[in-house]
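First comes the structure, then the notes that go with it.
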Amino acid sequence: MTVQLNHTIVAAHDKEASARFLAGLLGLKVSPPFGPFVPVEIPNGVTLDYLAESGDITPQHYAFLVSEDEFDEIFGRIREAGLTYWADPYHRHPGEINHNDGGRGAYFEDPNGHNLEILTRPYGSGG
């Protein structure tokens, strides 16, 4: 049996704006609404289904493995948008990227406080 993550729900105060935020930075498209969800499909077939939440949102972490060229494009959009970014998940190193496992990585927040990450090498892959 092959087990694959198919989708996950992402809580958002404004589901449309949050989906557009992520899709715009990653260079993806927002899919048509599906029931109460606004999905963003990641190229590996997983969707992040944004759902409106009126109360407090518990921040989650979402990491996206990207190529070196994609990192340059996405990181350029992060900087162009004037977003604060960090080299670490605890936000101790602002304005820096990391070089874990011989790649590059950066963390930034979405409008709901979710901790988003782009990285070019999976953790533990060496380098």
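The chains in the structure tokens are called A, B, ... from first to last as shown; in each chain the residues are counted from 1, and the ligands are counted from 1 in the order shown.
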Using DSSP on the backbone coordinates, identify the residues of chain A assigned to strand (DSSP E); present them as a ChimeraX atom specification.
/A:7-12,37-41,47-52,61-65,85-86,105-109,115-119
Which of chain A counts as alpha helix (DSSP H) under DSSP, as a PDB file with C-alpha atoms, in the first residue's frame please?
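Generated file (part09.pdb):
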ATOM      1  CA  LYS A  15      -9.433  32.125   3.359  1.00  0.00           C
ATOM      2  CA  GLU A  16      -9.335  33.735  -0.095  1.00  0.00           C
ATOM      3  CA  ALA A  17      -6.631  36.266   0.806  1.00  0.00           C
ATOM      4  CA  SER A  18      -4.562  33.622   2.590  1.00  0.00           C
ATOM      5  CA  ALA A  19      -4.772  31.226  -0.358  1.00  0.00           C
ATOM      6  CA  ARG A  20      -3.766  34.028  -2.751  1.00  0.00           C
ATOM      7  CA  PHE A  21      -0.863  34.981  -0.447  1.00  0.00           C
ATOM      8  CA  LEU A  22       0.621  31.476  -0.511  1.00  0.00           C
ATOM      9  CA  ALA A  23      -0.096  30.821  -4.183  1.00  0.00           C
ATOM     10  CA  GLY A  24       1.401  34.158  -5.185  1.00  0.00           C
ATOM     11  CA  LEU A  25       4.638  33.608  -3.281  1.00  0.00           C
ATOM     12  CA  LEU A  26       5.074  30.017  -4.433  1.00  0.00           C
ATOM     13  CA  GLU A  68      17.460  26.065  -6.242  1.00  0.00           C
ATOM     14  CA  ASP A  69      15.904  28.112  -9.068  1.00  0.00           C
ATOM     15  CA  GLU A  70      12.493  28.062  -7.381  1.00  0.00           C
ATOM     16  CA  PHE A  71      14.114  29.193  -4.128  1.00  0.00           C
ATOM     17  CA  ASP A  72      15.569  32.212  -5.935  1.00  0.00           C
ATOM     18  CA  GLU A  73      12.172  33.074  -7.432  1.00  0.00           C
ATOM     19  CA  ILE A  74      10.193  32.598  -4.209  1.00  0.00           C
ATOM     20  CA  PHE A  75      12.784  34.309  -2.031  1.00  0.00           C
ATOM     21  CA  GLY A  76      12.759  37.221  -4.475  1.00  0.00           C
ATOM     22  CA  ARG A  77       8.979  37.524  -4.076  1.00  0.00           C
ATOM     23  CA  ILE A  78       9.321  37.350  -0.264  1.00  0.00           C
ATOM     24  CA  ARG A  79      11.834  40.204  -0.319  1.00  0.00           C
ATOM     25  CA  GLU A  80       9.844  42.178  -2.890  1.00  0.00           C
TER      26      GLU A  80
END
As an NGL selection string, please: the residues near Gln4 in chain A (cut-off 9 Å, only C-alpha atoms, same-chain neighbours under 2 positions excluded).
:A and (2 or 6 or 46)
How would the residues just picked look written out with C-alpha atoms as a PDB file, in the first residue's frame?
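Wrote it out as again_16.pdb, contents follow:
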ATOM      1  CA  THR A   2       1.252   3.456  -0.871  1.00  0.00           C
ATOM      2  CA  ASN A   6      -3.692  14.173  -0.064  1.00  0.00           C
ATOM      3  CA  VAL A  46      -1.298  17.703  -2.098  1.00  0.00           C
TER       4      VAL A  46
END
At a cut-off of 10 Å, using only C-alpha atoms, what residues contact range 90-95 of chain A? Leave out same-chain residues fewer than 6 positions from it and give the result as a ChimeraX atom specification.
/A:79,83-84,106-108,115
Include all heavy atoms and write out the residues we just selected as a PDB file, in the first residue's frame.
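Written out: part-v2.pdb:
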ATOM      1  N   ARG A  79      11.129  38.933  -0.540  1.00  0.00           N
ATOM      2  CA  ARG A  79      11.834  40.204  -0.319  1.00  0.00           C
ATOM      3  C   ARG A  79      11.091  41.361  -0.979  1.00  0.00           C
ATOM      4  O   ARG A  79      10.977  42.435  -0.389  1.00  0.00           O
ATOM      5  CB  ARG A  79      13.265  40.091  -0.818  1.00  0.00           C
ATOM      6  CG  ARG A  79      14.059  39.081   0.036  1.00  0.00           C
ATOM      7  CD  ARG A  79      15.469  38.990  -0.365  1.00  0.00           C
ATOM      8  NE  ARG A  79      16.115  40.281  -0.062  1.00  0.00           N
ATOM      9  CZ  ARG A  79      17.356  40.567  -0.397  1.00  0.00           C
ATOM     10  NH1 ARG A  79      18.089  39.699  -1.031  1.00  0.00           N
ATOM     11  NH2 ARG A  79      17.869  41.748  -0.099  1.00  0.00           N
ATOM     12  N   LEU A  83       8.441  41.131   3.282  1.00  0.00           N
ATOM     13  CA  LEU A  83       8.162  40.232   4.396  1.00  0.00           C
ATOM     14  C   LEU A  83       9.417  40.017   5.238  1.00  0.00           C
ATOM     15  O   LEU A  83      10.525  39.935   4.708  1.00  0.00           O
ATOM     16  CB  LEU A  83       7.673  38.875   3.888  1.00  0.00           C
ATOM     17  CG  LEU A  83       6.374  38.873   3.100  1.00  0.00           C
ATOM     18  CD1 LEU A  83       6.095  37.479   2.558  1.00  0.00           C
ATOM     19  CD2 LEU A  83       5.221  39.350   3.965  1.00  0.00           C
ATOM     20  N   THR A  84       9.221  39.906   6.534  1.00  0.00           N
ATOM     21  CA  THR A  84      10.309  39.522   7.414  1.00  0.00           C
ATOM     22  C   THR A  84      10.555  38.034   7.214  1.00  0.00           C
ATOM     23  O   THR A  84       9.618  37.246   7.111  1.00  0.00           O
ATOM     24  CB  THR A  84       9.947  39.809   8.882  1.00  0.00           C
ATOM     25  OG1 THR A  84       9.663  41.209   9.004  1.00  0.00           O
ATOM     26  CG2 THR A  84      11.079  39.436   9.819  1.00  0.00           C
ATOM     27  N   ALA A 106      14.588  29.260   4.311  1.00  0.00           N
ATOM     28  CA  ALA A 106      14.118  30.483   4.946  1.00  0.00           C
ATOM     29  C   ALA A 106      12.721  30.255   5.491  1.00  0.00           C
ATOM     30  O   ALA A 106      11.952  29.443   4.959  1.00  0.00           O
ATOM     31  CB  ALA A 106      14.103  31.646   3.951  1.00  0.00           C
ATOM     32  N   TYR A 107      12.409  30.971   6.553  1.00  0.00           N
ATOM     33  CA  TYR A 107      11.107  30.915   7.210  1.00  0.00           C
ATOM     34  C   TYR A 107      10.449  32.283   7.101  1.00  0.00           C
ATOM     35  O   TYR A 107      11.129  33.311   7.168  1.00  0.00           O
ATOM     36  CB  TYR A 107      11.257  30.566   8.691  1.00  0.00           C
ATOM     37  CG  TYR A 107      11.811  29.194   8.943  1.00  0.00           C
ATOM     38  CD1 TYR A 107      13.177  28.952   8.844  1.00  0.00           C
ATOM     39  CD2 TYR A 107      10.976  28.145   9.278  1.00  0.00           C
ATOM     40  CE1 TYR A 107      13.697  27.689   9.068  1.00  0.00           C
ATOM     41  CE2 TYR A 107      11.487  26.874   9.512  1.00  0.00           C
ATOM     42  CZ  TYR A 107      12.849  26.656   9.402  1.00  0.00           C
ATOM     43  OH  TYR A 107      13.351  25.402   9.624  1.00  0.00           O
ATOM     44  N   PHE A 108       9.129  32.287   6.973  1.00  0.00           N
ATOM     45  CA  PHE A 108       8.365  33.531   6.949  1.00  0.00           C
ATOM     46  C   PHE A 108       6.956  33.197   7.402  1.00  0.00           C
ATOM     47  O   PHE A 108       6.571  32.024   7.456  1.00  0.00           O
ATOM     48  CB  PHE A 108       8.375  34.174   5.550  1.00  0.00           C
ATOM     49  CG  PHE A 108       7.859  33.282   4.454  1.00  0.00           C
ATOM     50  CD1 PHE A 108       6.569  33.419   3.975  1.00  0.00           C
ATOM     51  CD2 PHE A 108       8.668  32.298   3.892  1.00  0.00           C
ATOM     52  CE1 PHE A 108       6.086  32.604   2.965  1.00  0.00           C
ATOM     53  CE2 PHE A 108       8.193  31.473   2.884  1.00  0.00           C
ATOM     54  CZ  PHE A 108       6.902  31.626   2.414  1.00  0.00           C
ATOM     55  N   ASN A 115       3.782  29.470  10.262  1.00  0.00           N
ATOM     56  CA  ASN A 115       5.210  29.530  10.007  1.00  0.00           C
ATOM     57  C   ASN A 115       5.498  28.740   8.730  1.00  0.00           C
ATOM     58  O   ASN A 115       5.438  27.516   8.722  1.00  0.00           O
ATOM     59  CB  ASN A 115       5.962  28.947  11.204  1.00  0.00           C
ATOM     60  CG  ASN A 115       7.426  29.294  11.214  1.00  0.00           C
ATOM     61  OD1 ASN A 115       7.864  30.253  10.588  1.00  0.00           O
ATOM     62  ND2 ASN A 115       8.204  28.505  11.929  1.00  0.00           N
TER      63      ASN A 115
END
So that I can see what lies close to His61 in chain A, please list as a list in words the residues with an atom at most 10 Å from it, counting only C-alpha atoms and leaving out residues fewer than 5 positions away in the same chain.
Pro89, Tyr107, Glu109, Gly113, His114, Asn115, Leu116 and Glu117 of chain A
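You will find CA of Pro39 in chain A at 20.9 Å from CA of Asp56 in chain A.
For the pair CA of Pro111 in chain A and CA of Ala52 in chain A, the interatomic distance is 12.8 Å.
When only C-alpha atoms are used to measure the gap to Trp86 in chain A, the shortest distance among A:Gly126, A:Gly35, A:Gly105, A:Pro43 belongs to A:Gly105.
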In terms of the shortest atom-to-atom distance over only C-alpha atoms, which of A:Lys29, A:His13, A:Arg121, A:His7 is closest to Gly103 in chain A?
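Closest to Gly103 in chain A, using only C-alpha atoms: A:Arg121.
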